[in-house]
file target_32.txt (compact mmCIF, C-alpha atoms)
# COMPACT_ATOMS: atom_id res chain seq x y z
CA MET A 25 -260.77 45.28 108.69
CA PRO A 26 -263.28 43.80 106.24
CA THR A 27 -264.51 46.18 103.57
CA PRO A 28 -268.04 46.32 102.13
CA ARG A 29 -266.65 44.26 99.23
CA HIS A 30 -265.79 41.40 101.59
CA ALA A 31 -269.53 41.09 102.16
CA ASP A 32 -269.84 40.07 98.49
CA LEU A 33 -268.37 36.72 99.48
CA ARG A 34 -270.72 36.28 102.41
CA THR A 35 -273.86 37.18 100.46
CA ALA A 36 -273.02 35.63 97.07
CA HIS A 37 -275.79 33.43 95.71
CA ARG A 38 -273.48 31.75 93.21
CA LEU A 39 -269.80 31.11 93.89
CA VAL A 40 -266.93 29.56 91.98
CA VAL A 41 -264.23 28.06 94.20
CA LYS A 42 -260.91 26.95 92.70
CA VAL A 43 -258.48 24.74 94.62
CA GLY A 44 -254.95 23.91 93.56
CA SER A 45 -253.15 20.56 93.52
CA SER A 46 -250.85 21.38 96.42
CA SER A 47 -253.87 21.82 98.69
CA LEU A 48 -255.18 18.32 97.96
CA THR A 49 -252.09 16.12 97.86
CA THR A 50 -249.33 14.91 100.13
CA ALA A 51 -245.71 15.84 99.62
CA ASP A 52 -245.09 12.69 97.58
CA GLY A 53 -248.00 13.42 95.25
CA ALA A 54 -250.71 11.15 96.61
CA LEU A 55 -254.25 12.43 96.99
CA ASP A 56 -254.86 13.43 100.62
CA ALA A 57 -258.42 12.40 101.43
CA ALA A 58 -258.36 14.18 104.79
CA ARG A 59 -257.40 17.56 103.31
CA LEU A 60 -259.93 17.14 100.52
CA GLY A 61 -262.59 16.26 103.10
CA GLU A 62 -261.85 19.39 105.13
CA LEU A 63 -262.43 21.57 102.08
CA VAL A 64 -265.65 19.73 101.23
CA ASP A 65 -266.87 20.30 104.81
CA VAL A 66 -266.41 24.06 104.35
CA ILE A 67 -268.20 24.08 100.99
CA ALA A 68 -271.02 21.86 102.26
CA ALA A 69 -271.63 24.21 105.18
CA ARG A 70 -272.03 27.10 102.77
CA LEU A 71 -274.41 25.09 100.58
CA LEU A 72 -276.82 24.83 103.50
CA ASP A 73 -277.82 28.48 103.11
CA GLY A 74 -278.85 27.93 99.49
CA THR A 75 -275.64 29.14 97.87
CA GLN A 76 -274.82 27.48 94.55
CA ILE A 77 -271.15 26.52 94.26
CA VAL A 78 -269.07 25.37 91.30
CA LEU A 79 -265.80 23.76 92.35
CA VAL A 80 -262.87 24.00 89.95
CA SER A 81 -260.37 21.45 91.19
CA SER A 82 -256.83 20.73 90.09
CA GLY A 83 -255.17 17.54 91.20
CA ALA A 84 -255.91 14.91 88.56
CA ILE A 85 -252.32 14.52 87.41
CA ALA A 86 -251.02 14.69 90.97
CA ALA A 87 -253.57 12.11 92.11
CA GLY A 88 -252.37 9.75 89.39
CA LEU A 89 -248.72 9.75 90.43
CA ALA A 90 -248.95 7.30 93.33
CA PRO A 91 -251.17 4.72 91.60
CA LEU A 92 -248.76 4.70 88.64
CA GLY A 93 -245.68 4.52 90.85
CA LEU A 94 -244.34 7.83 89.57
CA PRO A 95 -242.04 9.66 92.01
CA ARG A 96 -242.73 13.11 90.60
CA ARG A 97 -244.84 14.95 88.04
CA PRO A 98 -243.83 13.71 84.56
CA ARG A 99 -242.43 16.13 82.01
CA ASP A 100 -243.65 14.48 78.82
CA LEU A 101 -247.20 15.04 77.61
CA ALA A 102 -248.10 11.37 77.09
CA THR A 103 -247.26 10.43 80.68
CA GLN A 104 -249.03 13.53 82.01
CA GLN A 105 -252.12 12.44 80.11
CA ALA A 106 -251.83 8.90 81.46
CA ALA A 107 -251.53 10.23 85.01
CA ALA A 108 -254.54 12.48 84.43
CA SER A 109 -256.55 9.54 83.14
CA VAL A 110 -255.89 7.53 86.28
CA GLY A 111 -255.98 10.47 88.66
CA GLN A 112 -259.20 12.06 87.43
CA GLY A 113 -261.13 8.94 88.39
CA ALA A 114 -259.56 8.93 91.84
CA LEU A 115 -260.24 12.63 92.27
CA ILE A 116 -263.94 12.56 91.38
CA ALA A 117 -264.43 9.40 93.44
CA ALA A 118 -262.94 11.16 96.47
CA TYR A 119 -265.23 14.17 95.94
CA SER A 120 -268.27 11.92 95.51
CA LEU A 121 -267.50 10.19 98.78
CA ALA A 122 -266.77 13.39 100.70
CA PHE A 123 -269.85 15.27 99.46
CA GLY A 124 -271.93 12.13 99.96
CA VAL A 125 -271.36 12.44 103.69
CA HIS A 126 -273.30 15.71 103.42
CA HIS A 127 -275.95 14.15 101.14
CA ARG A 128 -274.74 16.15 98.17
CA THR A 129 -274.34 14.90 94.61
CA VAL A 130 -271.40 15.94 92.44
CA GLY A 131 -271.18 16.05 88.67
CA GLN A 132 -267.89 15.88 86.80
CA VAL A 133 -267.33 18.56 84.12
CA LEU A 134 -264.13 18.25 82.08
CA LEU A 135 -263.40 21.20 79.82
CA THR A 136 -260.94 21.73 77.00
CA SER A 137 -259.84 25.05 75.57
CA ASP A 138 -262.40 24.64 72.78
CA ASP A 139 -265.18 24.62 75.36
CA VAL A 140 -264.37 28.18 76.35
CA THR A 141 -263.09 29.55 73.04
CA ARG A 142 -265.67 28.29 70.56
CA ARG A 143 -269.00 30.04 70.90
CA SER A 144 -271.21 26.97 70.37
CA HIS A 145 -269.26 24.96 72.97
CA TYR A 146 -269.31 27.91 75.38
CA ALA A 147 -273.09 28.24 75.13
CA ASN A 148 -273.54 24.50 75.66
CA ALA A 149 -271.27 24.56 78.73
CA ARG A 150 -273.34 27.38 80.17
CA ARG A 151 -276.57 25.41 79.71
CA THR A 152 -275.02 22.34 81.32
CA PHE A 153 -273.82 24.27 84.37
CA SER A 154 -277.19 25.96 84.74
CA ARG A 155 -279.05 22.67 84.73
CA LEU A 156 -276.66 21.01 87.18
CA LEU A 157 -277.01 23.90 89.61
CA ASP A 158 -280.78 23.94 89.25
CA LEU A 159 -280.79 20.24 90.17
CA GLY A 160 -278.76 20.92 93.32
CA VAL A 161 -275.62 19.23 91.98
CA VAL A 162 -272.13 20.50 92.80
CA PRO A 163 -270.21 20.65 89.49
CA VAL A 164 -266.58 19.60 89.92
CA VAL A 165 -264.63 21.11 87.03
CA ASN A 166 -261.17 20.36 85.71
CA GLU A 167 -259.27 20.81 82.49
CA ASN A 168 -259.58 17.69 80.36
CA ASP A 169 -255.86 16.91 80.58
CA THR A 170 -256.32 13.37 79.28
CA VAL A 171 -257.11 14.48 75.73
CA GLY A 172 -255.56 17.94 75.69
CA THR A 173 -253.66 18.50 72.46
CA HIS A 174 -251.46 21.32 73.79
CA GLU A 175 -248.82 21.13 76.45
CA ILE A 176 -250.46 21.01 79.88
CA ARG A 177 -249.33 24.18 81.64
CA PHE A 178 -249.19 24.94 85.34
CA GLY A 179 -251.74 27.59 86.26
CA ASP A 180 -254.28 26.86 83.54
CA ASN A 181 -256.97 26.14 86.13
CA ASP A 182 -256.69 29.64 87.59
CA ARG A 183 -257.69 31.11 84.24
CA LEU A 184 -260.21 28.31 83.73
CA ALA A 185 -261.85 29.19 87.05
CA ALA A 186 -262.19 32.84 86.03
CA LEU A 187 -263.76 31.83 82.72
CA VAL A 188 -266.13 29.43 84.48
CA ALA A 189 -267.11 32.27 86.79
CA HIS A 190 -268.10 34.24 83.70
CA ILE A 191 -269.91 31.29 82.15
CA VAL A 192 -272.07 30.67 85.21
CA ARG A 193 -272.44 34.41 85.99
CA ALA A 194 -271.02 33.95 89.47
CA ASP A 195 -271.22 36.67 92.10
CA ALA A 196 -267.73 35.90 93.42
CA LEU A 197 -264.64 33.81 92.73
CA VAL A 198 -262.39 32.31 95.42
CA LEU A 199 -258.91 31.11 94.43
CA LEU A 200 -257.53 28.67 97.01
CA SER A 201 -254.02 27.22 97.14
CA ASP A 202 -251.14 27.03 99.62
CA VAL A 203 -250.72 30.78 99.11
CA ASP A 204 -252.39 32.79 101.86
CA ALA A 205 -252.26 36.25 100.21
CA LEU A 206 -250.46 38.63 97.91
CA TYR A 207 -247.52 40.41 99.58
CA ASP A 208 -245.57 43.58 98.83
CA GLY A 209 -242.28 41.67 98.98
CA PRO A 210 -240.81 38.33 100.07
CA PRO A 211 -243.05 37.18 102.93
CA SER A 212 -240.07 35.97 104.96
CA ARG A 213 -238.45 39.40 104.97
CA ALA A 214 -239.01 41.67 107.95
CA GLY A 215 -241.39 44.52 107.25
CA THR A 216 -243.17 42.76 104.40
CA SER A 217 -246.93 43.24 104.52
CA ARG A 218 -249.96 41.43 103.19
CA ILE A 219 -251.86 43.33 100.50
CA PRO A 220 -255.45 43.08 101.74
CA LEU A 221 -257.15 44.89 98.86
CA VAL A 222 -256.45 45.40 95.16
CA ARG A 223 -258.66 47.97 93.44
CA GLY A 224 -257.07 47.63 90.02
CA PRO A 225 -253.79 47.34 88.09
CA VAL A 226 -252.43 50.58 89.55
CA ASP A 227 -252.24 48.93 92.98
CA LEU A 228 -249.86 46.30 91.59
CA LYS A 229 -247.76 48.56 89.38
CA ASN A 230 -244.70 48.88 91.61
CA ILE A 231 -245.00 45.62 93.55
CA LYS A 232 -242.99 42.50 92.88
CA ILE A 233 -245.39 39.59 92.68
CA ARG A 234 -244.90 37.47 95.76
CA GLY A 235 -246.88 35.01 97.80
CA SER A 236 -246.25 32.83 100.77
CA GLY A 237 -246.68 29.11 100.38
CA SER A 238 -245.04 25.76 100.39
CA GLY A 239 -244.00 25.72 96.75
CA ALA A 240 -244.99 22.08 96.52
CA GLY A 241 -243.79 20.34 93.37
CA VAL A 242 -247.22 18.98 92.45
CA GLY A 243 -248.98 22.34 92.50
CA THR A 244 -250.17 24.57 89.70
CA GLY A 245 -248.82 27.93 88.65
CA GLY A 246 -247.56 30.84 90.65
CA MET A 247 -248.92 34.18 91.69
CA THR A 248 -248.85 35.63 88.18
CA THR A 249 -251.53 33.25 86.90
CA LYS A 250 -253.73 34.02 89.91
CA ILE A 251 -253.47 37.76 89.36
CA GLU A 252 -254.31 37.26 85.69
CA ALA A 253 -257.32 35.16 86.68
CA ALA A 254 -258.44 37.84 89.11
CA ALA A 255 -258.16 40.45 86.35
CA ILE A 256 -260.36 38.36 84.05
CA ALA A 257 -262.99 37.89 86.74
CA THR A 258 -263.04 41.45 88.10
CA SER A 259 -263.26 42.96 84.62
CA GLY A 260 -266.72 41.39 84.41
CA GLY A 261 -267.90 42.58 87.83
CA ILE A 262 -266.92 39.47 89.82
CA THR A 263 -265.36 40.04 93.25
CA THR A 264 -262.32 37.76 93.63
CA MET A 265 -260.56 36.47 96.74
CA LEU A 266 -257.08 34.97 96.77
CA THR A 267 -256.20 33.03 99.90
CA SER A 268 -255.07 29.68 101.26
CA THR A 269 -257.25 26.60 101.52
CA ALA A 270 -256.75 26.70 105.30
CA GLN A 271 -258.57 30.05 105.35
CA ALA A 272 -261.42 29.00 103.05
CA ALA A 273 -264.10 29.17 105.76
CA SER A 274 -263.02 32.66 106.81
CA ALA A 275 -262.93 33.84 103.19
CA LEU A 276 -266.43 32.55 102.46
CA ALA A 277 -267.65 34.24 105.63
CA GLY A 278 -266.43 37.60 104.33
CA GLN A 279 -263.63 38.04 106.84
CA ASP A 280 -260.50 40.08 106.22
CA VAL A 281 -258.15 37.35 105.03
CA GLY A 282 -256.09 36.88 101.90
CA THR A 283 -256.20 39.50 99.16
CA LEU A 284 -259.50 40.78 97.83
CA PHE A 285 -259.66 41.98 94.21
CA VAL A 286 -262.40 44.56 93.69
CA PRO A 287 -264.45 44.49 90.46
CA THR A 288 -263.05 46.89 87.86
CA GLY A 289 -265.84 46.50 85.30
CA SER A 290 -269.51 45.67 85.08
CA ARG A 291 -271.34 42.67 83.78
CA ARG A 292 -271.63 42.52 80.03
CA ALA A 293 -273.46 40.25 77.65
CA SER A 294 -272.02 36.76 77.84
CA ARG A 295 -271.06 36.97 74.17
CA LEU A 296 -268.80 39.96 74.84
CA LEU A 297 -267.26 38.32 77.90
CA TRP A 298 -266.58 35.27 75.76
CA LEU A 299 -265.03 37.44 73.09
CA ALA A 300 -262.83 39.38 75.51
CA HIS A 301 -261.52 36.56 77.68
CA ALA A 302 -262.29 33.15 76.21
CA THR A 303 -261.13 33.42 72.63
CA THR A 304 -257.89 33.07 70.73
CA ALA A 305 -257.66 35.36 67.73
CA ARG A 306 -257.47 33.46 64.43
CA GLY A 307 -255.93 36.40 62.61
CA ARG A 308 -255.22 40.13 62.66
CA LEU A 309 -256.61 43.12 60.78
CA ILE A 310 -254.28 46.13 60.57
CA LEU A 311 -256.24 49.41 60.56
CA ASP A 312 -255.37 52.93 59.50
CA GLU A 313 -255.50 55.73 62.06
CA GLY A 314 -259.00 56.79 61.04
CA ALA A 315 -260.40 53.31 61.53
CA VAL A 316 -258.69 53.00 64.92
CA ALA A 317 -260.32 56.23 66.06
CA ALA A 318 -263.71 55.13 64.73
CA VAL A 319 -263.54 51.78 66.55
CA VAL A 320 -261.92 52.89 69.80
CA GLU A 321 -263.17 56.44 70.35
CA ARG A 322 -266.51 56.50 68.53
CA ARG A 323 -267.33 52.79 68.99
CA LYS A 324 -268.18 52.36 65.30
CA SER A 325 -268.21 49.19 63.23
CA LEU A 326 -265.14 48.30 61.18
CA LEU A 327 -265.54 48.78 57.42
CA PRO A 328 -263.29 47.53 54.59
CA ALA A 329 -262.14 51.05 53.80
CA GLY A 330 -260.24 51.32 57.08
CA ILE A 331 -258.22 48.10 56.79
CA THR A 332 -254.72 48.16 55.31
CA ARG A 333 -253.60 44.55 55.79
CA VAL A 334 -254.93 41.08 56.63
CA GLU A 335 -252.82 38.57 58.58
CA GLY A 336 -253.52 34.92 59.33
CA ARG A 337 -256.12 32.44 58.09
CA PHE A 338 -259.65 32.64 59.42
CA SER A 339 -263.25 32.00 58.43
CA ASP A 340 -266.44 34.05 58.62
CA GLY A 341 -267.47 34.03 62.29
CA ASP A 342 -263.97 33.64 63.76
CA PRO A 343 -262.51 36.04 66.33
CA VAL A 344 -259.79 38.37 65.02
CA ASP A 345 -257.70 41.11 66.59
CA LEU A 346 -258.04 44.66 65.29
CA CYS A 347 -254.66 46.38 65.41
CA ASP A 348 -253.34 49.91 64.99
CA PRO A 349 -250.78 50.75 62.27
CA ALA A 350 -247.95 49.68 64.62
CA GLY A 351 -249.52 46.24 65.09
CA ARG A 352 -250.79 46.80 68.63
CA GLY A 353 -254.14 45.16 69.37
CA VAL A 354 -256.89 47.66 70.14
CA ALA A 355 -259.99 45.45 69.90
CA ARG A 356 -261.18 41.93 69.21
CA GLY A 357 -264.21 41.14 67.09
CA VAL A 358 -266.10 38.51 65.16
CA VAL A 359 -265.26 38.89 61.48
CA ASN A 360 -267.91 38.67 58.74
CA TYR A 361 -265.56 37.61 55.92
CA ASP A 362 -262.94 34.91 55.55
CA SER A 363 -259.25 35.67 55.11
CA ALA A 364 -259.21 34.61 51.46
CA GLU A 365 -261.99 37.00 50.42
CA LEU A 366 -261.19 40.03 52.55
CA PRO A 367 -257.95 41.31 50.92
CA GLY A 368 -259.79 42.11 47.68
CA LEU A 369 -262.17 44.41 49.56
CA LEU A 370 -259.66 46.56 51.44
CA GLY A 371 -259.76 50.31 51.09
CA ARG A 372 -263.14 50.31 49.36
CA SER A 373 -266.47 51.65 50.55
CA THR A 374 -269.35 49.29 51.23
CA HIS A 375 -271.48 51.23 48.72
CA ASP A 376 -268.99 50.62 45.94
CA LEU A 377 -268.66 46.95 46.87
CA ALA A 378 -272.43 46.48 46.92
CA ARG A 379 -272.80 48.16 43.54
CA GLU A 380 -270.09 45.99 41.97
CA LEU A 381 -270.49 42.66 43.81
CA GLY A 382 -274.06 42.68 45.09
CA PRO A 383 -276.03 43.83 48.16
CA SER A 384 -274.55 41.14 50.42
CA TYR A 385 -271.27 43.10 50.36
CA GLU A 386 -272.82 46.18 51.94
CA ARG A 387 -271.94 44.90 55.39
CA GLU A 388 -269.35 45.59 58.04
CA VAL A 389 -266.19 43.57 58.38
CA VAL A 390 -266.80 43.59 62.15
CA HIS A 391 -270.07 44.94 63.56
CA ARG A 392 -269.79 47.16 66.62
CA ASP A 393 -272.06 44.79 68.57
CA ASP A 394 -269.54 42.01 67.97
CA LEU A 395 -266.37 43.65 69.19
CA VAL A 396 -264.73 44.53 72.49
CA LEU A 397 -261.85 46.91 73.21
CA LEU A 398 -258.63 45.36 74.51

call {"tool": "encode", "arguments": {"input": "target_32.txt", "output": "structure tokens"}}
result
Amino acid sequence: MPTPRHADLRTAHRLVVKVGSSSLTTADGALDAARLGELVDVIAARLLDGTQIVLVSSGAIAAGLAPLGLPRRPRDLATQQAAASVGQGALIAAYSLAFGVHHRTVGQVLLTSDDVTRRSHYANARRTFSRLLDLGVVPVVNENDTVGTHEIRFGDNDRLAALVAHIVRADALVLLSDVDALYDGPPSRAGTSRIPLVRGPVDLKNIKIRGSGSGAGVGTGGMTTKIEAAAIATSGGITTMLTSTAQAASALAGQDVGTLFVPTGSRRASRLLWLAHATTARGRLILDEGAVAAVVERRKSLLPAGITRVEGRFSDGDPVDLCDPAGRGVARGVVNYDSAELPGLLGRSTHDLARELGPSYEREVVHRDDLVLL
């Protein structure tokens, strides 16, 4: 039966919907306009009640296979990027046509990792999304595979969708693919059951990650990436649904389908959400036990006196991981010194530093307002 949390999907004012490649393409990799149109019909129906929807869509590389005469997804980065270049145009054209039937305008938003890991880019992306939604546009989001400098990995768009949900401050996230739910074992085995509700990590502790689906060769990552995406979203108070594209209408209506992930945290300032989930640490600061206790238990700022070692190269304003003496990360924060200057300050009090080097040195290495616990 539906729970009160299923109603979050029905009543959400702002939704992020992510769809995987396998839900939009044929078995040989070509874009399937009919399947894409069916999804657009579901989304357009929901838009009629005033809901704002951001669509995160995979499929650019897959859509580029047929036009380029490629029999399967290429392994090398250059050919993947070429397929994305051709396929992204086909994909957004198909969405424009399908939403146009419903008199809706779409706007293409291509994001790279920098757009969700660098604070200035993140803030600009948030403003762009806000304006598009205010204008009644449906943003269609994808990773900018054409110019990506790192290997394009299956499953990236699951995490991207969770980060976009944070950026736009969505009420709910729906992850659609050929997977209809999370199961407590192989779906084909007798006695295996769908997991309808996940309240937190403890519910998944003793369960092998399984899902039913076609396993199409053009699709994005497996169940692990979807669970990780759900964890990112729910940690910020965003209800998350995992189900198949065929059940999209039922999911948006708040029915008991798929697997619902219940929020485990509450909304925080966008800066802290960015810091916790959308950054890559540029370095590490190893703390003594006293500093770990001050940061973790008493939520204090990090001072030079509590740092024993500096690792990596970073600049003032970069994110760094704060680690215990064994090297385990306990927090992430924005550092106020660069890696070249900081080693000379370790183990010393801010008062001593200010007296010797000037008043500008009477400052925290990481201020408590600029750090989150891991």

call {"tool": "atom_distance", "arguments": {"input": "target_32.txt", "atom1": "atom CA of Arg213 of chain A", "atom2": "atom CA of Thr49 of chain A"}}
result
27.9 Å

call {"tool": "closest_atom_pairs", "arguments": {"input": "target_32.txt", "of": "segment 277-354 of chain A", "to": "segment 389-397 of chain A", "cutoff": "7 Å", "atoms": "only C-alpha atoms", "output": "JSON lines"}}
result
{"residue": "A:Leu296", "atom": "CA", "partner": "A:Val396", "partner_atom": "CA", "distance": 6.6}
{"residue": "A:Ala300", "atom": "CA", "partner": "A:Val396", "partner_atom": "CA", "distance": 6.3}
{"residue": "A:Val320", "atom": "CA", "partner": "A:Leu397", "partner_atom": "CA", "distance": 6.9}
{"residue": "A:Arg323", "atom": "CA", "partner": "A:Arg392", "partner_atom": "CA", "distance": 6.6}
{"residue": "A:Lys324", "atom": "CA", "partner": "A:Arg392", "partner_atom": "CA", "distance": 5.6}
{"residue": "A:Ser325", "atom": "CA", "partner": "A:Arg392", "partner_atom": "CA", "distance": 4.3}
{"residue": "A:Leu326", "atom": "CA", "partner": "A:Val390", "partner_atom": "CA", "distance": 5.1}
{"residue": "A:Leu327", "atom": "CA", "partner": "A:Val389", "partner_atom": "CA", "distance": 5.3}
{"residue": "A:Pro328", "atom": "CA", "partner": "A:Val389", "partner_atom": "CA", "distance": 6.2}
{"residue": "A:Val354", "atom": "CA", "partner": "A:Leu397", "partner_atom": "CA", "distance": 5.9}

call {"tool": "closest_residue", "arguments": {"input": "target_32.txt", "among": "A:Ala68, A:Ile191, A:Ile251, A:Thr283", "to": "Val161 of chain A", "atoms": "all atoms listed in the file"}}
result
A:Ala68

call {"tool": "closest_residue", "arguments": {"input": "target_32.txt", "among": "A:Ser274, A:Val165, A:Leu284, A:Gly260", "to": "Ala205 of chain A", "atoms": "only C-alpha atoms"}}
result
A:Leu284

call {"tool": "axis_aligned_box", "arguments": {"input": "target_32.txt", "around": "segment 51-65 of chain A", "padding_each_side": "8 Å", "output": "AutoDock Vina command-line options"}}
result
--center_x -256.0 --center_y 16.4 --center_z 100.2 --size_x 37.8 --size_y 26.4 --size_z 25.9

call {"tool": "residues_around", "arguments": {"input": "target_32.txt", "residues": "segment 335-339 of chain A", "least_positions_apart": "5", "cutoff": "12 Å", "atoms": "only C-alpha atoms", "output": "PyMOL selection string"}}
result
chain A and resi 304-311+344-347+351+358-367+389

call {"tool": "atom_distance", "arguments": {"input": "target_32.txt", "atom1": "atom CA of Thr267 of chain A", "atom2": "atom CA of Ala69 of chain A"}}
result
18.5 Å

call {"tool": "residues_near_point", "arguments": {"input": "target_32.txt", "point": "(-277.9, 23.0, 86.4)", "cutoff": "12 Å", "atoms": "all atoms listed in the file", "output": "MDAnalysis selection string"}}
result
chainID A and resid 38 76:78 130:131 133 148:163 192

call {"tool": "residues_around", "arguments": {"input": "target_32.txt", "residues": "segment 216-225 of chain A", "least_positions_apart": "2", "cutoff": "10 Å", "atoms": "all atoms listed in the file", "output": "MDAnalysis selection string"}}
result
chainID A and resid 25:27 29:30 204:214 227:230 234:236 251 254:255 258:259 264:266 280:288

call {"tool": "residues_near_point", "arguments": {"input": "target_32.txt", "point": "(-260.5, 20.9, 84.9)", "cutoff": "9 Å", "atoms": "all atoms listed in the file", "output": "NGL selection string"}}
result
:A and (80-84 or 133-136 or 164-169 or 180-181 or 184-185)

call {"tool": "write_last_selection", "arguments": {"input": "target_32.txt", "atoms": "C-alpha atoms", "output": "JSON list (two decimals), keeping the file's coordinate frame"}}
result
[["chain", "number", "residue", "atom", "x", "y", "z"],
["A", 80, "VAL", "CA", -262.87, 24.00, 89.95],
["A", 81, "SER", "CA", -260.37, 21.45, 91.19],
["A", 82, "SER", "CA", -256.83, 20.73, 90.09],
["A", 83, "GLY", "CA", -255.17, 17.54, 91.20],
["A", 84, "ALA", "CA", -255.91, 14.91, 88.56],
["A", 133, "VAL", "CA", -267.33, 18.56, 84.12],
["A", 134, "LEU", "CA", -264.13, 18.25, 82.08],
["A", 135, "LEU", "CA", -263.40, 21.20, 79.82],
["A", 136, "THR", "CA", -260.94, 21.73, 77.00],
["A", 164, "VAL", "CA", -266.58, 19.60, 89.92],
["A", 165, "VAL", "CA", -264.63, 21.11, 87.03],
["A", 166, "ASN", "CA", -261.17, 20.36, 85.71],
["A", 167, "GLU", "CA", -259.27, 20.81, 82.49],
["A", 168, "ASN", "CA", -259.58, 17.69, 80.36],
["A", 169, "ASP", "CA", -255.86, 16.91, 80.58],
["A", 180, "ASP", "CA", -254.28, 26.86, 83.54],
["A", 181, "ASN", "CA", -256.97, 26.14, 86.13],
["A", 184, "LEU", "CA", -260.21, 28.31, 83.73],
["A", 185, "ALA", "CA", -261.85, 29.19, 87.05]]

call {"tool": "atom_distance", "arguments": {"input": "target_32.txt", "atom1": "atom CA of Thr374 of chain A", "atom2": "atom CA of Ser144 of chain A"}}
result
29.5 Å

call {"tool": "residues_around", "arguments": {"input": "target_32.txt", "residues": "Leu197 of chain A", "least_positions_apart": "4", "cutoff": "6 Å", "atoms": "all atoms listed in the file", "output": "ChimeraX atom specification"}}
result
/A:39-41,264

call {"tool": "closest_residue", "arguments": {"input": "target_32.txt", "among": "A:Ala117, A:Gly341, A:Gln271, A:Ser373", "to": "Leu200 of chain A", "atoms": "only C-alpha atoms"}}
result
A:Gln271

call {"tool": "closest_residue", "arguments": {"input": "target_32.txt", "among": "A:Pro95, A:Gly382, A:Pro28, A:Gly111", "to": "Ser45 of chain A", "atoms": "all atoms listed in the file"}}
result
A:Gly111

call {"tool": "closest_residue", "arguments": {"input": "target_32.txt", "among": "A:Gly113, A:Asp32, A:Val203, A:Asp182", "to": "Leu55 of chain A", "atoms": "only C-alpha atoms"}}
result
A:Gly113

call {"tool": "decode", "arguments": {"input": "target_32.txt", "residues": "segment 202-222 of chain A", "atoms": "C-alpha atoms", "output": "short mmCIF file (atom, residue, chain, number, x, y, z; two decimals), in the first residue's frame"}}
result
data_model
loop_
_atom_site.label_atom_id
_atom_site.label_comp_id
_atom_site.auth_asym_id
_atom_site.auth_seq_id
_atom_site.Cartn_x
_atom_site.Cartn_y
_atom_site.Cartn_z
CA ASP A 202 14.29 -0.53 -17.42
CA VAL A 203 14.56 -1.49 -13.75
CA ASP A 204 11.15 -1.65 -12.07
CA ALA A 205 12.32 -1.81 -8.42
CA LEU A 206 14.94 -2.89 -5.94
CA TYR A 207 14.65 -6.57 -4.96
CA ASP A 208 15.89 -8.64 -2.01
CA GLY A 209 17.47 -11.16 -4.38
CA PRO A 210 17.53 -12.20 -8.04
CA PRO A 211 14.08 -11.23 -9.37
CA SER A 212 13.80 -14.47 -11.37
CA ARG A 213 14.20 -16.63 -8.27
CA ALA A 214 11.09 -17.92 -6.55
CA GLY A 215 10.31 -16.15 -3.30
CA THR A 216 12.18 -12.97 -4.21
CA SER A 217 10.29 -9.84 -3.22
CA ARG A 218 10.24 -6.23 -4.28
CA ILE A 219 11.53 -3.81 -1.65
CA PRO A 220 8.81 -1.16 -1.60
CA LEU A 221 10.37 1.19 0.94
CA VAL A 222 13.90 2.08 2.03
#
